[in-house]
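J.: My structure is in model-v8.txt, and what it holds is compact mmCIF, C-alpha atoms:
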```txt
# COMPACT_ATOMS: atom_id res chain seq x y z
CA MET Q 193 0.00 0.00 0.00
CA LYS Q 194 2.78 2.38 0.99
CA ILE Q 195 4.51 1.97 -2.35
CA ARG Q 196 1.30 2.54 -4.26
CA GLN Q 197 0.49 5.62 -2.20
CA THR Q 198 3.92 7.07 -2.74
CA THR Q 199 3.51 6.59 -6.47
CA LEU Q 200 0.16 8.31 -6.35
CA ALA Q 201 1.56 11.19 -4.33
CA ILE Q 202 4.43 11.67 -6.74
CA ALA Q 203 2.02 11.44 -9.65
CA ALA Q 204 -0.22 14.02 -8.00
CA ILE Q 205 2.68 16.39 -7.39
CA ALA Q 206 3.84 15.90 -10.95
CA GLY Q 207 0.30 16.55 -12.17
CA VAL Q 208 -0.01 19.73 -10.18
CA SER Q 209 3.34 21.00 -11.36
CA LEU Q 210 2.34 20.18 -14.93
CA LEU Q 211 -0.79 22.28 -14.48
CA ALA Q 212 1.29 25.04 -12.98
CA ALA Q 213 3.68 24.77 -15.90
CA CYS Q 214 0.76 25.08 -18.33
CA GLY Q 215 -0.14 28.39 -16.73
CA GLY Q 216 3.38 29.69 -17.23
CA SER Q 217 5.22 30.48 -20.39
CA ASP Q 218 7.07 27.19 -20.54
CA SER Q 219 4.40 24.63 -21.42
CA SER Q 220 6.75 21.76 -22.27
CA ALA Q 221 7.26 19.94 -18.97
CA PRO Q 222 10.73 18.43 -18.58
CA GLU Q 223 10.99 14.64 -18.40
CA SER Q 224 12.16 14.69 -14.78
CA GLU Q 225 8.73 15.76 -13.53
CA VAL Q 226 7.11 12.51 -14.59
CA ALA Q 227 6.68 10.05 -11.68
CA PRO Q 228 9.74 7.84 -11.39
CA VAL Q 229 9.12 4.10 -11.64
CA VAL Q 230 9.06 2.66 -8.11
CA GLU Q 231 10.37 -0.85 -7.94
CA GLU Q 232 7.67 -3.23 -6.69
CA VAL Q 233 8.63 -6.15 -4.50
CA VAL Q 234 7.73 -9.49 -6.06
CA LEU Q 235 7.49 -12.69 -4.05
CA ASP Q 236 8.85 -16.05 -5.20
CA ASN Q 237 5.36 -17.09 -6.33
CA GLY Q 238 5.19 -14.09 -8.66
CA LEU Q 239 2.69 -12.14 -6.59
CA THR Q 240 3.32 -8.79 -4.95
CA PRO Q 241 2.91 -8.73 -1.15
CA LYS Q 242 -0.31 -6.77 -1.62
CA GLU Q 243 -1.72 -9.39 -3.98
CA GLN Q 244 -0.72 -12.21 -1.66
CA ILE Q 245 -2.24 -10.51 1.39
CA GLU Q 246 -5.46 -9.71 -0.45
CA LEU Q 247 -5.63 -13.27 -1.73
CA ARG Q 248 -5.40 -14.81 1.72
CA GLN Q 249 -7.75 -12.23 3.22
CA GLY Q 250 -10.28 -13.12 0.55
CA GLN Q 251 -9.95 -16.82 1.34
CA LEU Q 252 -10.20 -16.26 5.10
CA LYS Q 253 -13.28 -14.14 4.51
CA LYS Q 254 -14.85 -17.05 2.62
CA LEU Q 255 -14.16 -19.23 5.66
CA GLY Q 256 -15.75 -16.61 7.94
CA LYS Q 257 -18.82 -16.59 5.71
CA ALA Q 258 -19.05 -20.37 5.77
CA PHE Q 259 -18.79 -20.33 9.58
CA LYS Q 260 -21.52 -17.72 9.82
CA THR Q 261 -23.77 -19.89 7.65
CA ILE Q 262 -23.21 -22.87 9.95
CA SER Q 263 -23.60 -20.77 13.11
CA ASP Q 264 -26.84 -19.21 11.77
CA GLN Q 265 -28.26 -22.63 10.95
CA LEU Q 266 -27.29 -24.10 14.29
CA LYS Q 267 -29.15 -21.22 15.98
CA ALA Q 268 -32.29 -21.89 13.92
CA GLY Q 269 -34.97 -24.17 15.30
CA GLU Q 270 -34.80 -26.43 12.28
CA PRO Q 271 -31.36 -26.17 10.73
CA ASP Q 272 -31.06 -26.36 6.95
CA MET Q 273 -28.75 -29.40 6.66
CA ALA Q 274 -28.02 -28.83 2.98
CA ALA Q 275 -26.77 -25.31 3.74
CA ILE Q 276 -24.63 -26.59 6.61
CA GLN Q 277 -23.19 -29.40 4.48
CA ALA Q 278 -22.33 -27.07 1.60
CA ALA Q 279 -20.67 -24.59 3.96
CA ALA Q 280 -18.79 -27.27 5.90
CA ALA Q 281 -17.60 -28.92 2.67
CA SER Q 282 -16.28 -25.57 1.41
CA VAL Q 283 -14.00 -25.07 4.43
CA PRO Q 284 -11.32 -27.70 3.55
CA VAL Q 285 -11.50 -26.63 -0.10
CA GLU Q 286 -11.13 -22.89 0.53
CA SER Q 287 -8.42 -23.39 3.16
CA GLU Q 288 -6.28 -25.64 0.98
CA GLY Q 289 -2.64 -24.61 1.00
CA MET Q 290 -3.12 -22.26 3.91
CA ALA Q 291 0.44 -22.84 5.09
CA ASP Q 292 1.64 -21.24 1.83
CA TRP Q 293 -0.48 -18.12 2.24
CA PHE Q 294 2.10 -16.51 4.47
CA PRO Q 295 5.40 -16.32 2.56
CA ALA Q 296 8.17 -14.17 4.04
CA GLY Q 297 7.66 -10.52 3.13
CA THR Q 298 3.90 -10.48 3.69
CA GLY Q 299 4.00 -9.51 7.36
CA PRO Q 300 3.42 -6.21 9.12
CA ASP Q 301 6.66 -4.76 7.71
CA SER Q 302 5.49 -5.30 4.12
CA GLY Q 303 3.86 -1.86 4.23
CA VAL Q 304 0.54 -3.44 3.30
CA LYS Q 305 -2.30 -3.31 5.82
CA THR Q 306 -2.44 -6.71 7.49
CA ASP Q 307 -3.29 -8.11 10.91
CA ALA Q 308 -0.76 -10.91 10.43
CA LEU Q 309 1.81 -10.60 13.22
CA ALA Q 310 5.55 -11.03 12.89
CA ALA Q 311 5.18 -14.02 15.25
CA ILE Q 312 4.13 -16.08 12.20
CA TRP Q 313 7.69 -15.87 10.85
CA ASP Q 314 9.31 -15.96 14.29
CA GLN Q 315 7.62 -19.21 15.31
CA PRO Q 316 7.04 -21.05 12.02
CA ASP Q 317 6.78 -24.48 13.67
CA LEU Q 318 4.04 -23.44 16.06
CA PHE Q 319 2.27 -21.66 13.21
CA SER Q 320 2.22 -24.76 10.97
CA GLU Q 321 1.09 -26.83 13.93
CA LYS Q 322 -1.88 -24.50 14.44
CA ILE Q 323 -2.77 -24.70 10.75
CA GLY Q 324 -2.51 -28.49 10.96
CA ASN Q 325 -4.91 -28.54 13.91
CA PHE Q 326 -7.33 -26.44 11.95
CA ASN Q 327 -7.10 -28.70 8.89
CA ILE Q 328 -7.89 -31.76 10.98
CA ALA Q 329 -10.80 -30.05 12.72
CA ALA Q 330 -12.18 -28.73 9.43
CA ALA Q 331 -12.13 -32.23 7.93
CA GLY Q 332 -13.97 -33.45 11.06
CA LEU Q 333 -16.54 -30.68 10.65
CA ALA Q 334 -17.20 -31.63 7.02
CA ALA Q 335 -17.59 -35.27 8.05
CA ALA Q 336 -19.94 -34.36 10.92
CA ALA Q 337 -22.01 -32.25 8.52
CA GLU Q 338 -22.39 -35.23 6.21
CA SER Q 339 -23.76 -37.27 9.11
CA GLY Q 340 -26.59 -34.74 9.49
CA ASP Q 341 -26.45 -35.00 13.29
CA ALA Q 342 -26.97 -31.46 14.65
CA ALA Q 343 -25.31 -32.24 17.99
CA ALA Q 344 -22.22 -33.68 16.30
CA ILE Q 345 -22.08 -30.70 13.95
CA GLY Q 346 -22.33 -28.33 16.91
CA ALA Q 347 -19.45 -30.07 18.67
CA ALA Q 348 -17.27 -30.18 15.53
CA PHE Q 349 -18.08 -26.53 14.84
CA ALA Q 350 -16.97 -25.56 18.35
CA THR Q 351 -13.75 -27.54 17.94
CA THR Q 352 -12.99 -25.96 14.57
CA GLY Q 353 -13.79 -22.48 15.87
CA GLY Q 354 -11.46 -23.19 18.77
CA THR Q 355 -8.57 -23.90 16.39
CA CYS Q 356 -9.22 -20.58 14.59
CA LYS Q 357 -9.19 -18.67 17.86
CA SER Q 358 -6.17 -20.47 19.23
CA CYS Q 359 -4.10 -19.52 16.19
CA HIS Q 360 -5.43 -15.96 15.97
CA GLU Q 361 -4.59 -15.36 19.62
CA THR Q 362 -0.89 -15.67 18.91
CA PHE Q 363 -0.56 -14.80 15.26
CA ARG Q 364 -3.15 -12.15 14.44
CA ALA Q 365 -3.40 -8.59 15.75
CA ASP Q 366 -6.31 -8.09 18.08
CA ASP Q 367 -9.24 -7.06 15.92
CA MET W 218 -30.57 23.99 57.29
CA ALA W 219 -32.91 22.47 59.84
CA GLY W 220 -36.38 21.56 58.79
CA SER W 221 -35.69 21.85 55.07
CA THR W 222 -37.65 19.32 53.09
CA ARG W 223 -35.85 16.89 50.85
CA ILE W 224 -37.58 16.55 47.53
CA LEU W 225 -37.53 13.53 45.21
CA VAL W 226 -35.67 14.47 42.03
CA TRP W 227 -35.06 11.04 40.51
CA ASP W 228 -37.63 8.28 40.86
CA GLY W 229 -36.53 4.79 41.87
CA ALA W 230 -36.98 3.24 38.42
CA LEU W 231 -34.86 5.93 36.80
CA ARG W 232 -32.10 5.41 39.37
CA LEU W 233 -32.26 1.67 38.90
CA PHE W 234 -31.97 2.22 35.15
CA HIS W 235 -28.96 4.50 35.61
CA TRP W 236 -26.96 2.22 37.89
CA SER W 237 -27.88 -0.94 35.98
CA ALA W 238 -26.58 0.70 32.83
CA VAL W 239 -23.34 1.62 34.61
CA LEU W 240 -22.80 -1.95 35.78
CA LEU W 241 -23.79 -3.45 32.43
CA VAL W 242 -21.49 -1.22 30.40
CA ALA W 243 -18.58 -2.10 32.69
CA ALA W 244 -19.37 -5.82 32.65
CA MET W 245 -19.98 -5.87 28.90
CA TRP W 246 -16.70 -4.13 28.24
CA TRP W 247 -14.94 -6.72 30.34
CA THR W 248 -16.68 -9.71 28.75
CA ALA W 249 -15.95 -8.36 25.26
CA GLU W 250 -12.26 -7.87 26.06
CA ASN W 251 -12.07 -11.40 27.46
CA GLY W 252 -14.10 -13.08 24.75
CA ILE W 253 -16.89 -14.21 27.08
CA MET W 254 -19.44 -13.64 24.37
CA ASP W 255 -22.36 -15.68 25.69
CA TRP W 256 -22.55 -13.39 28.74
CA HIS W 257 -21.90 -10.36 26.56
CA ARG W 258 -24.99 -11.28 24.53
CA ARG W 259 -27.14 -11.95 27.61
CA MET W 260 -26.22 -8.64 29.18
CA GLY W 261 -26.70 -6.88 25.87
CA MET W 262 -30.23 -8.20 25.76
CA ILE W 263 -30.87 -6.82 29.27
CA LEU W 264 -29.40 -3.47 28.24
CA PHE W 265 -31.69 -3.48 25.22
CA GLY W 266 -34.65 -4.01 27.55
CA LEU W 267 -33.44 -1.24 29.85
CA LEU W 268 -33.09 1.21 26.96
CA THR W 269 -36.57 0.38 25.75
CA PHE W 270 -37.79 1.02 29.29
CA ARG W 271 -35.97 4.39 29.34
CA ILE W 272 -37.64 5.50 26.11
CA VAL W 273 -41.11 4.60 27.40
CA TRP W 274 -40.24 6.22 30.74
CA GLY W 275 -39.29 9.36 28.85
CA LEU W 276 -42.83 9.44 27.51
CA ILE W 277 -44.91 8.40 30.52
CA GLY W 278 -42.57 8.65 33.52
CA PRO W 279 -42.35 11.37 36.17
CA GLN W 280 -41.52 14.92 35.11
CA THR W 281 -37.73 14.71 35.54
CA ALA W 282 -37.57 11.57 33.39
CA ARG W 283 -39.70 13.00 30.59
CA PHE W 284 -38.21 14.08 27.30
CA GLY W 285 -40.93 16.71 27.06
CA SER W 286 -39.58 18.50 30.13
CA TRP W 287 -36.08 18.80 28.68
CA ARG W 288 -34.97 22.32 27.78
CA ILE W 289 -32.14 22.30 25.30
CA GLY W 290 -32.88 25.30 23.10
CA PRO W 291 -30.07 27.85 22.55
CA ALA W 292 -31.73 30.24 25.02
CA ALA W 293 -31.88 27.59 27.74
CA ILE W 294 -28.26 26.55 27.17
CA LEU W 295 -26.90 30.10 27.03
CA GLY W 296 -28.93 31.10 30.07
CA TYR W 297 -27.61 28.13 31.98
CA ILE W 298 -23.99 28.87 31.03
CA ARG W 299 -24.48 32.50 32.13
CA ASN W 300 -25.85 31.22 35.43
CA LEU W 301 -22.80 28.99 35.90
CA ARG W 302 -20.34 31.75 35.04
CA SER W 303 -21.95 34.22 37.41
CA GLY W 304 -20.94 31.91 40.23
CA THR W 305 -24.47 31.87 41.63
CA HIS W 306 -25.10 28.39 40.30
CA THR W 307 -28.72 27.36 40.81
CA PRO W 308 -29.23 23.60 40.53
CA SER W 309 -31.87 22.47 38.06
CA PHE W 310 -34.76 20.30 39.14
CA GLY W 311 -33.99 17.36 36.87
CA HIS W 312 -31.40 17.51 34.12
CA ASN W 313 -29.83 20.92 33.58
CA PRO W 314 -29.72 22.02 29.92
CA MET W 315 -26.11 20.94 29.38
CA GLY W 316 -26.64 17.74 31.33
CA THR W 317 -29.59 17.02 29.07
CA LEU W 318 -27.32 17.20 26.03
CA SER W 319 -25.02 14.74 27.75
CA VAL W 320 -27.92 12.40 28.53
CA ILE W 321 -29.12 12.50 24.94
CA ALA W 322 -25.62 11.76 23.66
CA ILE W 323 -25.05 8.89 26.08
CA LEU W 324 -28.46 7.35 25.38
CA ALA W 325 -27.83 7.65 21.64
CA ALA W 326 -24.42 6.01 22.06
CA LEU W 327 -25.94 3.19 24.10
CA PHE W 328 -28.56 2.67 21.41
CA ALA W 329 -25.84 2.59 18.78
CA GLN W 330 -23.98 0.00 20.87
CA VAL W 331 -26.97 -2.27 21.35
CA GLY W 332 -28.32 -1.72 17.85
CA THR W 333 -25.06 -2.65 16.13
CA GLY W 334 -24.39 -5.45 18.62
CA LEU W 335 -27.64 -7.17 17.67
CA PHE W 336 -26.34 -7.64 14.10
CA ALA W 337 -22.60 -7.85 14.69
CA VAL W 338 -20.52 -10.78 13.44
CA ASP W 339 -16.93 -11.40 14.49
CA VAL W 340 -14.19 -11.60 11.89
CA ASP W 341 -14.16 -15.42 12.04
CA GLY W 342 -17.92 -15.82 11.66
CA LEU W 343 -17.97 -17.72 14.95
CA GLU W 344 -19.65 -15.22 17.29
CA SER W 345 -22.63 -13.08 16.40
CA GLY W 346 -25.46 -11.01 17.80
CA PRO W 347 -29.00 -12.39 18.15
CA LEU W 348 -30.22 -10.76 14.91
CA ALA W 349 -27.09 -11.48 12.85
CA THR W 350 -28.86 -14.39 11.18
CA LEU W 351 -30.95 -11.76 9.35
CA VAL W 352 -27.96 -10.11 7.66
CA SER W 353 -25.02 -11.10 5.47
CA PHE W 354 -21.51 -11.69 6.74
CA GLU W 355 -20.43 -8.34 5.25
CA THR W 356 -23.27 -6.40 6.91
CA GLY W 357 -22.54 -8.16 10.18
CA ARG W 358 -18.87 -7.20 9.93
CA LEU W 359 -19.82 -3.59 9.22
CA ALA W 360 -22.08 -3.64 12.30
CA ALA W 361 -19.18 -4.98 14.35
CA GLU W 362 -16.87 -2.25 13.10
CA ILE W 363 -19.38 0.45 14.00
CA HIS W 364 -19.88 -1.34 17.34
CA GLU W 365 -16.20 -0.87 18.07
CA THR W 366 -16.04 2.76 16.98
CA SER W 367 -19.22 3.76 18.77
CA PHE W 368 -17.91 2.15 21.95
CA ASN W 369 -14.97 4.53 21.88
CA ILE W 370 -17.41 7.40 21.48
CA LEU W 371 -19.43 6.04 24.42
CA LEU W 372 -16.26 5.85 26.52
CA ALA W 373 -15.41 9.45 25.65
CA LEU W 374 -18.90 10.55 26.68
CA ILE W 375 -18.58 8.65 29.97
CA VAL W 376 -15.25 10.35 30.67
CA LEU W 377 -16.90 13.70 29.95
CA HIS W 378 -19.75 12.75 32.28
CA PHE W 379 -17.24 11.98 35.07
CA ALA W 380 -15.37 15.22 34.43
CA ALA W 381 -18.61 17.20 34.64
CA ILE W 382 -19.55 15.55 37.94
CA VAL W 383 -16.13 16.35 39.41
CA THR W 384 -16.36 19.91 38.12
CA TYR W 385 -19.72 20.45 39.78
CA LEU W 386 -18.42 18.95 43.01
CA VAL W 387 -15.21 20.99 43.11
CA PHE W 388 -16.20 24.31 41.60
CA PHE W 389 -19.89 24.54 42.48
CA LYS W 390 -19.90 22.43 45.66
CA ASP W 391 -22.76 20.53 44.07
CA ASN W 392 -22.80 16.76 44.68
CA LEU W 393 -24.73 15.25 41.79
CA VAL W 394 -23.98 11.65 42.69
CA ARG W 395 -25.90 11.55 45.96
CA PRO W 396 -29.28 12.48 44.46
CA MET W 397 -28.74 9.80 41.79
CA VAL W 398 -28.31 7.32 44.65
CA THR W 399 -30.89 8.52 47.19
CA GLY W 400 -33.15 10.26 44.69
CA ARG W 401 -33.48 13.31 46.91
CA ARG W 402 -31.95 16.67 47.63
CA ALA W 403 -32.97 19.69 49.67
CA ALA W 404 -35.91 21.51 48.15
CA SER W 405 -34.24 24.78 49.16
CA ASP W 406 -31.41 24.03 46.67
CA PHE W 407 -33.71 24.88 43.82
CA GLY W 408 -34.73 28.39 42.87
CA GLU W 409 -38.27 29.64 42.61
CA GLY W 410 -40.79 27.64 40.64
CA ALA W 411 -43.31 24.94 41.30
CA ILE W 412 -41.61 21.64 41.98
CA SER W 413 -43.09 18.47 43.38
CA ASP W 414 -41.76 14.99 44.09
CA ALA W 415 -40.91 13.06 40.91
CA LYS W 416 -42.97 10.17 42.17
CA LEU W 417 -43.48 7.16 39.99
CA SER W 418 -46.85 5.65 39.25
CA TRP W 419 -46.88 1.89 39.63
CA LEU W 420 -49.29 1.44 36.75
CA ARG W 421 -47.06 3.44 34.43
CA LEU W 422 -44.04 1.55 35.68
CA ALA W 423 -45.80 -1.72 34.86
CA ILE W 424 -46.51 -0.45 31.34
CA ALA W 425 -42.89 0.58 30.77
CA VAL W 426 -41.54 -2.71 32.14
CA ALA W 427 -44.00 -4.67 29.98
CA ALA W 428 -42.81 -2.72 26.92
CA ALA W 429 -39.20 -3.58 27.78
CA PHE W 430 -39.99 -7.28 28.06
CA ALA W 431 -42.01 -7.22 24.85
CA ALA W 432 -39.05 -5.69 23.01
CA MET W 433 -36.66 -8.30 24.40
CA TRP W 434 -39.07 -11.09 23.51
CA GLY W 435 -39.37 -9.68 19.99
CA VAL W 436 -35.60 -9.74 19.46
CA ALA W 437 -35.22 -13.20 20.99
CA ASN W 438 -37.80 -14.57 18.55
CA ALA W 439 -36.78 -12.65 15.45
CA GLY W 440 -33.23 -13.98 15.35
```
Before anything else, please render the file you have as structure tokens.

T.:
Amino acid sequence: MKIRQTTLAIAAIAGVSLLAACGGSDSSAPESEVAPVVEEVVLDNGLTPKEQIELRQGQLKKLGKAFKTISDQLKAGEPDMAAIQAAAASVPVESEGMADWFPAGTGPDSGVKTDALAAIWDQPDLFSEKIGNFNIAAAGLAAAAESGDAAAIGAAFATTGGTCKSCHETFRADD
Amino acid sequence: MAGSTRILVWDGALRLFHWSAVLLVAAMWWTAENGIMDWHRRMGMILFGLLTFRIVWGLIGPQTARFGSWRIGPAAILGYIRNLRSGTHTPSFGHNPMGTLSVIAILAALFAQVGTGLFAVDVDGLESGPLATLVSFETGRLAAEIHETSFNILLALIVLHFAAIVTYLVFFKDNLVRPMVTGRRAASDFGEGAISDAKLSWLRLAIAVAAAFAAMWGVANAG
């Protein structure tokens, strides 16, 4: 974000000075007033930190939505099992490769707005362990949903939610 | 001042509302910070009932509780400030004009808190208000963000409220806390003008309480 903003600011200044130049006698703006090309950081996977962060935020948002669907249905008197099953099945799919969503350079010092804490890269083993716990719980939730047993779904949902919270406690800025 | 009569300024229901709100806001802040969301929701529901009660009480309660008796026009405010500056501070029977502005702001902030809390969804989609099932994840997240911002506004208003109470105590030797506890203060404190005990009517109280329960029941069944 910071890089993009700087570019915009330089572009704006350049634009204003161009306008000012138009008002003066010398209307041909020298080359040096055009915004210089700012070098963008590119990760090993070819994405910029901003793209990578937005990608994982989008995926995590999908998971949040799926959890809300399940939570809403569990609150209802007669839960819509098909909705629960679809949401629960989407969780393992949408969270696939989660361990790779956090390459080095996409933390708080990337200049992009993110709640990901530096602890992710300071304690990589603990971080992958937390993701592993979540993956196992999410698979259990999908299986429980298939069974159609509301009590089992409720228990698996609580377990899965617990793995989210446990990881966020250490690795995500307090929201 | 021997023999001076002590007049009822704040009726018992109003005082109960005030101190319940104080306790609930403190407890709800604590539960939110510590992630004890089931209690946060329960207390939020009680606060919702209390606010509903306060609105009805503002319509049918005793004079000092009534919105209709509030004087917040520019003339009333300026006159009150002049009175304060002259050093001959005359306490108001009920909310003074500036205090009324504070009450309106705090009530509005509490409504914003409860209103957004009903629909709020946490970032993980795991915790949500009782009416969150009626809205999308995005709307619920927006409600939660407003919930957080408006809480900071509420806190600022509470700090201001404290500061005002201390100011009255120190500079005007006027203890505003005691009447909010006992309900009464010396009738001779007030200037001229017809004042009578802000007594509550039990029938009206029953109506306001019934309205509060109806509102809570409505929310519990709509979600």

J.: With a cut-off of 6 Å and counting all atoms listed in the file, select all residues of chain Q in contact with chain W and give the selection as JSON, numbers by chain.

T.: {"Q": [256, 257, 259, 260, 264]}

J.: Taking C-alpha atoms for each residue, export the selection above as a compact mmCIF listing (two decimals), in the frame of the given file.

T.:
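Below is the file that was written, out_17.txt:
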```txt
# COMPACT_ATOMS: atom_id res chain seq x y z
CA GLY Q 256 -15.75 -16.61 7.94
CA LYS Q 257 -18.82 -16.59 5.71
CA PHE Q 259 -18.79 -20.33 9.58
CA LYS Q 260 -21.52 -17.72 9.82
CA ASP Q 264 -26.84 -19.21 11.77
```

J.: Can you tell me which residues surround Thr269 in chain W at a distance of at most 12 Å, considering all atoms listed in the file, apart from same-chain residues fewer than 5 positions away, and format the answer as a list in words?

T.: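 In the requested form, the answer reads Phe234, Met262, Ile263, Leu264, Trp274, Gly275, Leu276, Leu324, Leu327, Phe328, Val331, Gly332, Ile424, Ala425, Val426, Ala427, Ala428, Ala429, Phe430, Ala431, Ala432, Met433, Trp434, Gly435 and Val436 of chain W.
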
J.: List as a list in words the protein and nucleic acid residues near range 287-301 of chain W, meaning an atom at most 7 Å away when all atoms listed in the file are counted, but skip any in the same chain fewer than 3 places from it.

T.: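 Close residues of range 287-301 of chain W: Phe284, Gly304, Thr305, His306, Pro314, Met315 and Thr317 of chain W.
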
J.: Could you work out how far CA of Asn327 in chain Q lies from CA of Gly238 in chain Q, giving the answer in Å with one decimal?

T.: 25.9 Å

J.: Can you work out the spacing between CA of Ala335 in chain Q and CA of Gln277 in chain Q in Å, to one decimal?

T.: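 Going from CA of Ala335 in chain Q over to CA of Gln277 in chain Q, I get 8.9 Å.
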